[in-house]
Every structure is written in structure tokens, then in C-alpha cells.
Amino acid sequence: MKPLLVAALIASSGVVVAGCGASSRPSVEPDLAGKPRWAGCHSRSIGSIDYVSGARGKPTVRAALAPYRTAGDHVVVVPARPHQNRRWLLVDEANHIHASLGLEHGGHGWLVGSAETCAR
């Protein structure tokens with residue numbers, strides 16, 4: 001009985017060691033690889049923008065975001081969650097956020113209601 005138990009332990013430890021071997025694929029943290037982040041930002045500037053009643057906004061979200069865009073960036077939309085409005089993140093090619101904007105449609109077009117930018 002004891003030799004059988006020893007053989008089983010040796011066999012199972014071989015399987016465990018084989019499972020810990022090196023992989024030819026690179027290891028990537030899935031939570032960090034795909035999510036934009038504020039990198040290289042020592043401080044952020046946050047502004048809230050008020051408009052007069054009936055203010056005319058831009059006809060599209062793209063037009064409302066245009067003054068905040070930089071060459072080569074792309075837009076990532078973060079859906080609304082409880083107690084948090086939807087956000088439009090302007091992200092560079094390295095997936096670093098340079099602006100986070102809150103937009104609203106007041107009946108006369110799209111307006112930027114809040115802007116958070118990296119103050120480098």
C-alpha cells in the first residue's frame with residue numbers, strides 16, 4: 001500500500017511541476033492591458049462648465065469633442081453606472097488618457113459639461 005501511495009505522490013508532483021513550466025506566450029495582465037489609464041499624470045485639472053438656458057451645442061458628439069482632441073488619439077466611451085455619468089475618454093496610442101469629458105444633449109446640440117485633463 002505504501003509503495004502505491006509513494007508512486008501516486010511522485011506522479012502527481014510531476015504533473016504539478018509540468019503545469020508550472022515556462023510558456024512561449026508573453027504574460028499580459030488582462031485588466032491592465034485593455035483599460036485606458038492616467039499614466040504620467042502628476043495632477044489632473046477638473047472643470048465644470050455651465051451654459052445659459054437654450055445654449056446651442058454641436059450637432060454631433062464628434063464635433064463637441066473636437067476642441068479637446070489631439071493628433072492620433074481615439075475615443076473610449078465609458079458607460080454610465082449608478083451614481084456615475086457616461087464619460088468620453090480621449091486616449092493616445094499608448095492607451096494613456098489625456099482627457100475625460102462629460103457630455104450632455106440639452107435639446108439644442110451636444111455640450112461638454114465637465115472636463116478632466118492631465119496637467120503635466
# chains A, B, ... in the order shown; residues from 1 in each chain; ligands from 1
$ closest_atom_pairs --of "segment 48-95 of chain A" --to "segment 108-117 of chain A" --cutoff "6 Å" --atoms "only C-alpha atoms" --output "Markdown table"
| residue | atom | partner | partner_atom | distance |
| --- | --- | --- | --- | --- |
| A:Ser48 | CA | A:Ser114 | CA | 4.4 |
| A:Ile49 | CA | A:Gly113 | CA | 5.0 |
| A:Arg56 | CA | A:His108 | CA | 5.0 |
| A:Gly57 | CA | A:Gly109 | CA | 4.0 |
| A:Lys58 | CA | A:Gly109 | CA | 4.9 |
| A:Pro59 | CA | A:Gly109 | CA | 5.1 |
$ write_last_selection --atoms "N, CA, C and O atoms" --output "PDB file, in the first residue's frame"
ATOM      1  N   SER A  48     -15.947  72.206 -14.443  1.00  0.00           N
ATOM      2  CA  SER A  48     -17.372  72.033 -14.694  1.00  0.00           C
ATOM      3  C   SER A  48     -17.839  73.252 -15.476  1.00  0.00           C
ATOM      4  O   SER A  48     -17.531  74.392 -15.110  1.00  0.00           O
ATOM      5  N   ILE A  49     -18.560  73.033 -16.545  1.00  0.00           N
ATOM      6  CA  ILE A  49     -18.944  74.118 -17.446  1.00  0.00           C
ATOM      7  C   ILE A  49     -20.451  74.336 -17.357  1.00  0.00           C
ATOM      8  O   ILE A  49     -21.231  73.396 -17.521  1.00  0.00           O
ATOM      9  N   ARG A  56     -26.675  76.764 -27.596  1.00  0.00           N
ATOM     10  CA  ARG A  56     -26.535  75.910 -28.769  1.00  0.00           C
ATOM     11  C   ARG A  56     -25.256  75.092 -28.660  1.00  0.00           C
ATOM     12  O   ARG A  56     -24.188  75.630 -28.435  1.00  0.00           O
ATOM     13  N   GLY A  57     -25.432  73.808 -28.812  1.00  0.00           N
ATOM     14  CA  GLY A  57     -24.284  72.916 -28.797  1.00  0.00           C
ATOM     15  C   GLY A  57     -23.906  72.499 -30.195  1.00  0.00           C
ATOM     16  O   GLY A  57     -24.375  73.071 -31.175  1.00  0.00           O
ATOM     17  N   LYS A  58     -23.072  71.508 -30.266  1.00  0.00           N
ATOM     18  CA  LYS A  58     -22.616  70.968 -31.557  1.00  0.00           C
ATOM     19  C   LYS A  58     -23.622  69.922 -32.042  1.00  0.00           C
ATOM     20  O   LYS A  58     -24.278  69.244 -31.241  1.00  0.00           O
ATOM     21  N   PRO A  59     -23.738  69.734 -33.346  1.00  0.00           N
ATOM     22  CA  PRO A  59     -24.723  68.786 -33.868  1.00  0.00           C
ATOM     23  C   PRO A  59     -24.400  67.312 -33.580  1.00  0.00           C
ATOM     24  O   PRO A  59     -25.296  66.471 -33.564  1.00  0.00           O
TER      25      PRO A  59
END
$ residues_around --residues "segment 92-95 of chain A" --least-positions-apart "2" --cutoff "9 Å" --atoms "only C-alpha atoms" --output "list in words"
Ala33, Gly34, Lys35, Pro36, Arg37, Trp38, Ala39, Thr70, Ala71, Gly72, Asp73, His74, Val75, Leu90, Ile97 and His98 of chain A
$ residues_around --residues "Arg86 of chain A" --least-positions-apart "3" --cutoff "10 Å" --atoms "only C-alpha atoms" --output "JSON list (two decimals) with all heavy atoms, in the first residue's frame"
[["chain", "number", "residue", "atom", "x", "y", "z"],
["A", 77, "VAL", "N", -15.61, 55.21, -24.87],
["A", 77, "VAL", "CA", -16.81, 55.61, -24.12],
["A", 77, "VAL", "C", -16.97, 54.67, -22.93],
["A", 77, "VAL", "O", -17.00, 53.45, -23.08],
["A", 77, "VAL", "CB", -18.06, 55.55, -25.03],
["A", 77, "VAL", "CG1", -19.30, 55.94, -24.23],
["A", 77, "VAL", "CG2", -17.89, 56.46, -26.23],
["A", 78, "VAL", "N", -17.06, 55.27, -21.74],
["A", 78, "VAL", "CA", -17.28, 54.52, -20.51],
["A", 78, "VAL", "C", -18.77, 54.64, -20.19],
["A", 78, "VAL", "O", -19.26, 55.75, -19.95],
["A", 78, "VAL", "CB", -16.43, 55.07, -19.35],
["A", 78, "VAL", "CG1", -16.69, 54.29, -18.08],
["A", 78, "VAL", "CG2", -14.95, 55.05, -19.71],
["A", 79, "PRO", "N", -19.49, 53.53, -20.20],
["A", 79, "PRO", "CA", -20.94, 53.60, -19.97],
["A", 79, "PRO", "C", -21.28, 54.13, -18.57],
["A", 79, "PRO", "O", -20.49, 54.03, -17.64],
["A", 79, "PRO", "CB", -21.40, 52.14, -20.10],
["A", 79, "PRO", "CG", -20.25, 51.36, -20.59],
["A", 79, "PRO", "CD", -19.02, 52.18, -20.39],
["A", 80, "ALA", "N", -22.47, 54.70, -18.48],
["A", 80, "ALA", "CA", -22.96, 55.19, -17.19],
["A", 80, "ALA", "C", -23.15, 54.02, -16.24],
["A", 80, "ALA", "O", -23.47, 52.90, -16.65],
["A", 80, "ALA", "CB", -24.28, 55.91, -17.38],
["A", 81, "ARG", "N", -22.90, 54.29, -14.96],
["A", 81, "ARG", "CA", -23.12, 53.33, -13.89],
["A", 81, "ARG", "C", -23.88, 54.04, -12.79],
["A", 81, "ARG", "O", -24.00, 55.27, -12.83],
["A", 81, "ARG", "CB", -21.77, 52.82, -13.36],
["A", 81, "ARG", "CG", -20.97, 52.06, -14.40],
["A", 81, "ARG", "CD", -19.74, 51.44, -13.83],
["A", 81, "ARG", "NE", -19.01, 52.34, -12.95],
["A", 81, "ARG", "CZ", -17.72, 52.29, -12.73],
["A", 81, "ARG", "NH1", -17.00, 51.41, -13.32],
["A", 81, "ARG", "NH2", -17.13, 53.14, -11.90],
["A", 89, "LEU", "N", -13.51, 59.21, -22.92],
["A", 89, "LEU", "CA", -12.08, 59.31, -22.65],
["A", 89, "LEU", "C", -11.34, 59.52, -23.95],
["A", 89, "LEU", "O", -11.57, 58.81, -24.93],
["A", 89, "LEU", "CB", -11.57, 58.02, -22.00],
["A", 89, "LEU", "CG", -12.27, 57.55, -20.72],
["A", 89, "LEU", "CD1", -11.65, 56.25, -20.24],
["A", 89, "LEU", "CD2", -12.21, 58.62, -19.65],
["A", 101, "LEU", "N", -14.19, 63.49, -20.56],
["A", 101, "LEU", "CA", -15.21, 64.50, -20.77],
["A", 101, "LEU", "C", -16.60, 63.96, -20.49],
["A", 101, "LEU", "O", -16.91, 62.81, -20.78],
["A", 101, "LEU", "CB", -15.15, 65.01, -22.21],
["A", 101, "LEU", "CG", -13.78, 65.51, -22.67],
["A", 101, "LEU", "CD1", -13.77, 65.73, -24.17],
["A", 101, "LEU", "CD2", -13.41, 66.79, -21.94],
["A", 102, "GLY", "N", -17.44, 64.82, -19.93],
["A", 102, "GLY", "CA", -18.85, 64.52, -19.73],
["A", 102, "GLY", "C", -19.65, 65.36, -20.71],
["A", 102, "GLY", "O", -19.48, 66.59, -20.76],
["A", 103, "LEU", "N", -20.49, 64.74, -21.51],
["A", 103, "LEU", "CA", -21.30, 65.47, -22.49],
["A", 103, "LEU", "C", -22.76, 65.36, -22.14],
["A", 103, "LEU", "O", -23.19, 64.41, -21.50],
["A", 103, "LEU", "CB", -21.08, 64.89, -23.90],
["A", 103, "LEU", "CG", -19.89, 65.41, -24.68],
["A", 103, "LEU", "CD1", -18.60, 64.87, -24.12],
["A", 103, "LEU", "CD2", -20.01, 65.07, -26.13],
["A", 104, "GLU", "N", -23.50, 66.34, -22.58],
["A", 104, "GLU", "CA", -24.94, 66.30, -22.39],
["A", 104, "GLU", "C", -25.61, 66.87, -23.64],
["A", 104, "GLU", "O", -25.04, 67.70, -24.33],
["A", 104, "GLU", "CB", -25.33, 67.10, -21.15],
["A", 104, "GLU", "CG", -24.74, 68.48, -21.10],
["A", 104, "GLU", "CD", -24.83, 69.12, -19.73],
["A", 104, "GLU", "OE1", -24.16, 68.62, -18.82],
["A", 104, "GLU", "OE2", -25.57, 70.10, -19.61]]
